[in-house]
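Right, one structure below, let's go through it.
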Amino acid sequence: MTGTGVPVPVDVAELVVRALRPLLAGGADPVAAGAQVSTETGRGPDGGPPVLPWLLVAEDGHTWDWPAVQRAAIRLTCWHHDAHSSKALAALALGLLCTPAPPGALLRGDPVAAPVAGIDPYTAAPLATVAVAVYARTPPR
């Protein structure tokens, strides 16, 4: 809450990062081994990630329904060692966000677009992108 008592929207991308880091680190899926999750691409060559695998969480837009629920369009971009692994890790992250979780700031995720593989035009690293609608409760600060 601000000093005026009006709820301030939280950064949904940061909530997603905080949720995915332990879920991917604690998972048994080898495609997630060593995966870094961030809201930045890092300081690698040509602005690419400094290490692989790398999962970028970006917010492409959001709405805020009163009293305090946000719907954010989240884009996950995953760089990995090969196209199959990048697509598999993006799909794993999507699945984790869409799986019911214990009560908290993240309420639920709905898939918007399935993972699409490609090549980063700047770094030539394999990547995949997926989109998810994330619903989050705006907690008081």
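Residues are named by chain letter and number: chains run A, B, ... in the order of the structure tokens, numbers start at 1 in each chain, and ligands are numbered from 1 in the order shown.
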Open item on the list: I need the residues of chain A that end up classed as strand (DSSP E) by DSSP on the backbone, written out as number ranges by chain.
Closed with: A: 36-38, 54-65, 69-79, 106-119, 126-137
Task: Polymer residues at most 9 Å from Ala105 of chain A, only C-alpha atoms, same-chain spacing of 5 or more positions, as a list of chain:residue names - done: A:Leu15, A:Tyr135, A:Ala136, A:Arg137, A:Thr138, A:Pro139
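Counting only C-alpha atoms and comparing A:Ala33, A:Ala125, A:Ala68, A:Val57, the residue that lies closest to Glu14 of chain A is A:Val57.
Of the residues under consideration (A:Val51, A:Leu94, A:Val10, A:Cys78), A:Cys78 shows the shortest atom-to-atom contact distance to Ile119 of chain A when counting only C-alpha atoms.
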TODO: Would you mind reading off the distance between atom CA of Arg18 of chain A and atom CA of Thr129 of chain A, one decimal, in Å?
DONE: 19.2 Å
TODO: Could you please determine the separation between atom CA of Val116 of chain A and atom CA of Asp11 of chain A in Å, to one decimal place?
DONE: 25.5 Å
Task: Selection near Thr123 of chain A, 10 Å with only C-alpha atoms, sequence-local residues under 3 positions removed, as an NGL selection string - done: :A and (44-49 or 79 or 119-120 or 126)
What are the closest atom pairs, with distances in Å to one decimal, for all residues of segment 19-77 of chain A lying within 10 Å of segment 83-87 of chain A? Consider only C-alpha atoms, order rows by chain and residue number, and present the result as CSV.
residue,atom,partner,partner_atom,distance
A:Pro30,CA,A:Ser85,CA,9.6
A:Val31,CA,A:Ser85,CA,6.1
A:Ala32,CA,A:Ser85,CA,8.8
A:Leu52,CA,A:Ser86,CA,9.6
A:Pro53,CA,A:Ser86,CA,7.7
A:Trp54,CA,A:Ser86,CA,8.9
A:Leu55,CA,A:Ser86,CA,9.1
A:Thr77,CA,A:Ser86,CA,8.6
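Between Val16 of chain A and the candidates A:Leu127, A:Glu59, A:Leu89, A:Pro50, the tightest atom-to-atom separation, counting only C-alpha atoms, involves A:Glu59.
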Could you pull out the alpha helix (DSSP H) residues of segment 14-96 of chain A, going by DSSP on the backbone, and write them as a PDB file with N, CA, C and O atoms, in the first residue's frame?
ATOM      1  N   GLU A  14       8.635 -10.225 -11.747  1.00  0.00           N
ATOM      2  CA  GLU A  14       9.486 -10.591 -10.607  1.00  0.00           C
ATOM      3  C   GLU A  14       8.853 -11.714  -9.798  1.00  0.00           C
ATOM      4  O   GLU A  14       9.550 -12.613  -9.318  1.00  0.00           O
ATOM      5  N   LEU A  15       7.528 -11.700  -9.650  1.00  0.00           N
ATOM      6  CA  LEU A  15       6.850 -12.805  -8.958  1.00  0.00           C
ATOM      7  C   LEU A  15       7.065 -14.120  -9.705  1.00  0.00           C
ATOM      8  O   LEU A  15       7.275 -15.171  -9.092  1.00  0.00           O
ATOM      9  N   VAL A  16       7.021 -14.070 -11.035  1.00  0.00           N
ATOM     10  CA  VAL A  16       7.238 -15.266 -11.845  1.00  0.00           C
ATOM     11  C   VAL A  16       8.671 -15.764 -11.669  1.00  0.00           C
ATOM     12  O   VAL A  16       8.910 -16.967 -11.502  1.00  0.00           O
ATOM     13  N   VAL A  17       9.641 -14.863 -11.679  1.00  0.00           N
ATOM     14  CA  VAL A  17      11.042 -15.248 -11.470  1.00  0.00           C
ATOM     15  C   VAL A  17      11.196 -15.927 -10.114  1.00  0.00           C
ATOM     16  O   VAL A  17      11.802 -16.993 -10.005  1.00  0.00           O
ATOM     17  N   ARG A  18      10.643 -15.315  -9.074  1.00  0.00           N
ATOM     18  CA  ARG A  18      10.741 -15.890  -7.725  1.00  0.00           C
ATOM     19  C   ARG A  18      10.078 -17.261  -7.630  1.00  0.00           C
ATOM     20  O   ARG A  18      10.512 -18.106  -6.856  1.00  0.00           O
ATOM     21  N   ALA A  19       9.026 -17.490  -8.407  1.00  0.00           N
ATOM     22  CA  ALA A  19       8.351 -18.793  -8.391  1.00  0.00           C
ATOM     23  C   ALA A  19       9.144 -19.832  -9.174  1.00  0.00           C
ATOM     24  O   ALA A  19       9.286 -20.982  -8.737  1.00  0.00           O
ATOM     25  N   LEU A  20       9.676 -19.455 -10.337  1.00  0.00           N
ATOM     26  CA  LEU A  20      10.349 -20.424 -11.201  1.00  0.00           C
ATOM     27  C   LEU A  20      11.726 -20.846 -10.708  1.00  0.00           C
ATOM     28  O   LEU A  20      12.121 -22.005 -10.895  1.00  0.00           O
ATOM     29  N   ARG A  21      12.475 -19.944 -10.083  1.00  0.00           N
ATOM     30  CA  ARG A  21      13.837 -20.298  -9.658  1.00  0.00           C
ATOM     31  C   ARG A  21      13.874 -21.561  -8.797  1.00  0.00           C
ATOM     32  O   ARG A  21      14.581 -22.509  -9.131  1.00  0.00           O
ATOM     33  N   PRO A  22      13.135 -21.614  -7.690  1.00  0.00           N
ATOM     34  CA  PRO A  22      13.222 -22.837  -6.871  1.00  0.00           C
ATOM     35  C   PRO A  22      12.573 -24.047  -7.537  1.00  0.00           C
ATOM     36  O   PRO A  22      13.035 -25.175  -7.347  1.00  0.00           O
ATOM     37  N   LEU A  23      11.519 -23.819  -8.315  1.00  0.00           N
ATOM     38  CA  LEU A  23      10.854 -24.950  -8.975  1.00  0.00           C
ATOM     39  C   LEU A  23      11.774 -25.613 -10.001  1.00  0.00           C
ATOM     40  O   LEU A  23      11.827 -26.843 -10.101  1.00  0.00           O
ATOM     41  N   LEU A  24      12.509 -24.823 -10.764  1.00  0.00           N
ATOM     42  CA  LEU A  24      13.420 -25.387 -11.756  1.00  0.00           C
ATOM     43  C   LEU A  24      14.671 -25.973 -11.094  1.00  0.00           C
ATOM     44  O   LEU A  24      15.168 -27.016 -11.506  1.00  0.00           O
ATOM     45  N   ALA A  25      15.163 -25.313 -10.048  1.00  0.00           N
ATOM     46  CA  ALA A  25      16.364 -25.793  -9.358  1.00  0.00           C
ATOM     47  C   ALA A  25      16.088 -27.098  -8.611  1.00  0.00           C
ATOM     48  O   ALA A  25      16.958 -27.957  -8.525  1.00  0.00           O
ATOM     49  N   ALA A  83      18.162 -26.735 -29.937  1.00  0.00           N
ATOM     50  CA  ALA A  83      16.762 -26.319 -30.140  1.00  0.00           C
ATOM     51  C   ALA A  83      15.792 -27.167 -29.320  1.00  0.00           C
ATOM     52  O   ALA A  83      14.835 -26.644 -28.747  1.00  0.00           O
ATOM     53  N   HIS A  84      16.037 -28.468 -29.250  1.00  0.00           N
ATOM     54  CA  HIS A  84      15.141 -29.339 -28.487  1.00  0.00           C
ATOM     55  C   HIS A  84      15.140 -28.964 -27.010  1.00  0.00           C
ATOM     56  O   HIS A  84      14.081 -28.868 -26.379  1.00  0.00           O
ATOM     57  N   SER A  85      16.317 -28.732 -26.440  1.00  0.00           N
ATOM     58  CA  SER A  85      16.414 -28.390 -25.017  1.00  0.00           C
ATOM     59  C   SER A  85      15.794 -27.032 -24.707  1.00  0.00           C
ATOM     60  O   SER A  85      15.167 -26.852 -23.672  1.00  0.00           O
ATOM     61  N   SER A  86      15.974 -26.066 -25.620  1.00  0.00           N
ATOM     62  CA  SER A  86      15.383 -24.747 -25.380  1.00  0.00           C
ATOM     63  C   SER A  86      13.858 -24.846 -25.367  1.00  0.00           C
ATOM     64  O   SER A  86      13.187 -24.263 -24.519  1.00  0.00           O
ATOM     65  N   LYS A  87      13.322 -25.623 -26.293  1.00  0.00           N
ATOM     66  CA  LYS A  87      11.870 -25.798 -26.361  1.00  0.00           C
ATOM     67  C   LYS A  87      11.358 -26.596 -25.152  1.00  0.00           C
ATOM     68  O   LYS A  87      10.321 -26.266 -24.579  1.00  0.00           O
ATOM     69  N   ALA A  88      12.101 -27.608 -24.732  1.00  0.00           N
ATOM     70  CA  ALA A  88      11.699 -28.422 -23.582  1.00  0.00           C
ATOM     71  C   ALA A  88      11.705 -27.611 -22.290  1.00  0.00           C
ATOM     72  O   ALA A  88      10.789 -27.736 -21.465  1.00  0.00           O
ATOM     73  N   LEU A  89      12.717 -26.767 -22.093  1.00  0.00           N
ATOM     74  CA  LEU A  89      12.768 -25.960 -20.881  1.00  0.00           C
ATOM     75  C   LEU A  89      11.672 -24.901 -20.878  1.00  0.00           C
ATOM     76  O   LEU A  89      11.047 -24.637 -19.840  1.00  0.00           O
ATOM     77  N   ALA A  90      11.397 -24.292 -22.019  1.00  0.00           N
ATOM     78  CA  ALA A  90      10.300 -23.321 -22.103  1.00  0.00           C
ATOM     79  C   ALA A  90       8.970 -23.991 -21.787  1.00  0.00           C
ATOM     80  O   ALA A  90       8.137 -23.441 -21.058  1.00  0.00           O
ATOM     81  N   ALA A  91       8.764 -25.203 -22.298  1.00  0.00           N
ATOM     82  CA  ALA A  91       7.529 -25.942 -22.025  1.00  0.00           C
ATOM     83  C   ALA A  91       7.434 -26.324 -20.552  1.00  0.00           C
ATOM     84  O   ALA A  91       6.354 -26.263 -19.950  1.00  0.00           O
ATOM     85  N   LEU A  92       8.559 -26.713 -19.944  1.00  0.00           N
ATOM     86  CA  LEU A  92       8.570 -27.047 -18.521  1.00  0.00           C
ATOM     87  C   LEU A  92       8.179 -25.832 -17.686  1.00  0.00           C
ATOM     88  O   LEU A  92       7.343 -25.930 -16.778  1.00  0.00           O
ATOM     89  N   ALA A  93       8.760 -24.676 -17.981  1.00  0.00           N
ATOM     90  CA  ALA A  93       8.435 -23.449 -17.240  1.00  0.00           C
ATOM     91  C   ALA A  93       6.961 -23.090 -17.410  1.00  0.00           C
ATOM     92  O   ALA A  93       6.293 -22.708 -16.446  1.00  0.00           O
ATOM     93  N   LEU A  94       6.442 -23.239 -18.627  1.00  0.00           N
ATOM     94  CA  LEU A  94       5.020 -22.981 -18.872  1.00  0.00           C
ATOM     95  C   LEU A  94       4.164 -23.903 -18.022  1.00  0.00           C
ATOM     96  O   LEU A  94       3.213 -23.471 -17.369  1.00  0.00           O
ATOM     97  N   GLY A  95       4.491 -25.180 -18.016  1.00  0.00           N
ATOM     98  CA  GLY A  95       3.737 -26.144 -17.225  1.00  0.00           C
ATOM     99  C   GLY A  95       3.767 -25.830 -15.743  1.00  0.00           C
ATOM    100  O   GLY A  95       2.748 -25.941 -15.048  1.00  0.00           O
ATOM    101  N   LEU A  96       4.921 -25.419 -15.243  1.00  0.00           N
ATOM    102  CA  LEU A  96       5.033 -25.079 -13.822  1.00  0.00           C
ATOM    103  C   LEU A  96       4.161 -23.875 -13.467  1.00  0.00           C
ATOM    104  O   LEU A  96       3.553 -23.839 -12.394  1.00  0.00           O
TER     105      LEU A  96
END
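Atom CA of Ala117 of chain A to atom CA of Asp82 of chain A spans 9.8 Å [interatomic distance, one decimal].
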Fewer than 6 positions away in the same chain doesn't count, so skip those; otherwise give me all residues within 9 Å of Arg108 of chain A, counting only C-alpha atoms, as an mmCIF file with N, CA and C atoms, in the first residue's frame.
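Here's the written file selection-v9.cif:
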data_model
loop_
_atom_site.group_PDB
_atom_site.id
_atom_site.type_symbol
_atom_site.label_atom_id
_atom_site.label_comp_id
_atom_site.auth_asym_id
_atom_site.auth_seq_id
_atom_site.Cartn_x
_atom_site.Cartn_y
_atom_site.Cartn_z
ATOM 1 N N LEU A 97 4.100 -22.884 -14.357
ATOM 2 C CA LEU A 97 3.280 -21.702 -14.092
ATOM 3 C C LEU A 97 1.785 -22.006 -14.187
ATOM 4 N N CYS A 98 1.415 -23.027 -14.950
ATOM 5 C CA CYS A 98 -0.002 -23.351 -15.135
ATOM 6 C C CYS A 98 -0.486 -24.441 -14.183
ATOM 7 N N THR A 99 0.407 -24.979 -13.363
ATOM 8 C CA THR A 99 0.042 -25.994 -12.379
ATOM 9 C C THR A 99 -0.459 -25.303 -11.125
ATOM 10 N N PRO A 100 -1.577 -25.760 -10.566
ATOM 11 C CA PRO A 100 -2.063 -25.135 -9.327
ATOM 12 C C PRO A 100 -0.985 -25.140 -8.247
ATOM 13 N N ALA A 101 -0.865 -23.999 -7.582
ATOM 14 C CA ALA A 101 0.153 -23.823 -6.548
ATOM 15 C C ALA A 101 -0.518 -23.468 -5.229
ATOM 16 N N ALA A 133 -0.558 -16.268 -19.665
ATOM 17 C CA ALA A 133 -1.284 -15.209 -18.935
ATOM 18 C C ALA A 133 -1.205 -15.586 -17.465
ATOM 19 N N VAL A 134 -0.650 -14.697 -16.671
ATOM 20 C CA VAL A 134 -0.475 -14.950 -15.252
ATOM 21 C C VAL A 134 -1.409 -14.020 -14.467
ATOM 22 N N TYR A 135 -2.139 -14.610 -13.552
ATOM 23 C CA TYR A 135 -3.021 -13.847 -12.672
ATOM 24 C C TYR A 135 -2.346 -13.752 -11.312
ATOM 25 N N ALA A 136 -2.242 -12.534 -10.788
ATOM 26 C CA ALA A 136 -1.541 -12.320 -9.531
ATOM 27 C C ALA A 136 -2.339 -11.398 -8.632
#
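Counting only C-alpha atoms and comparing A:Pro111, A:Asp29, A:Ala131, A:Tyr122, the residue that lies closest to Asp60 of chain A is A:Ala131.
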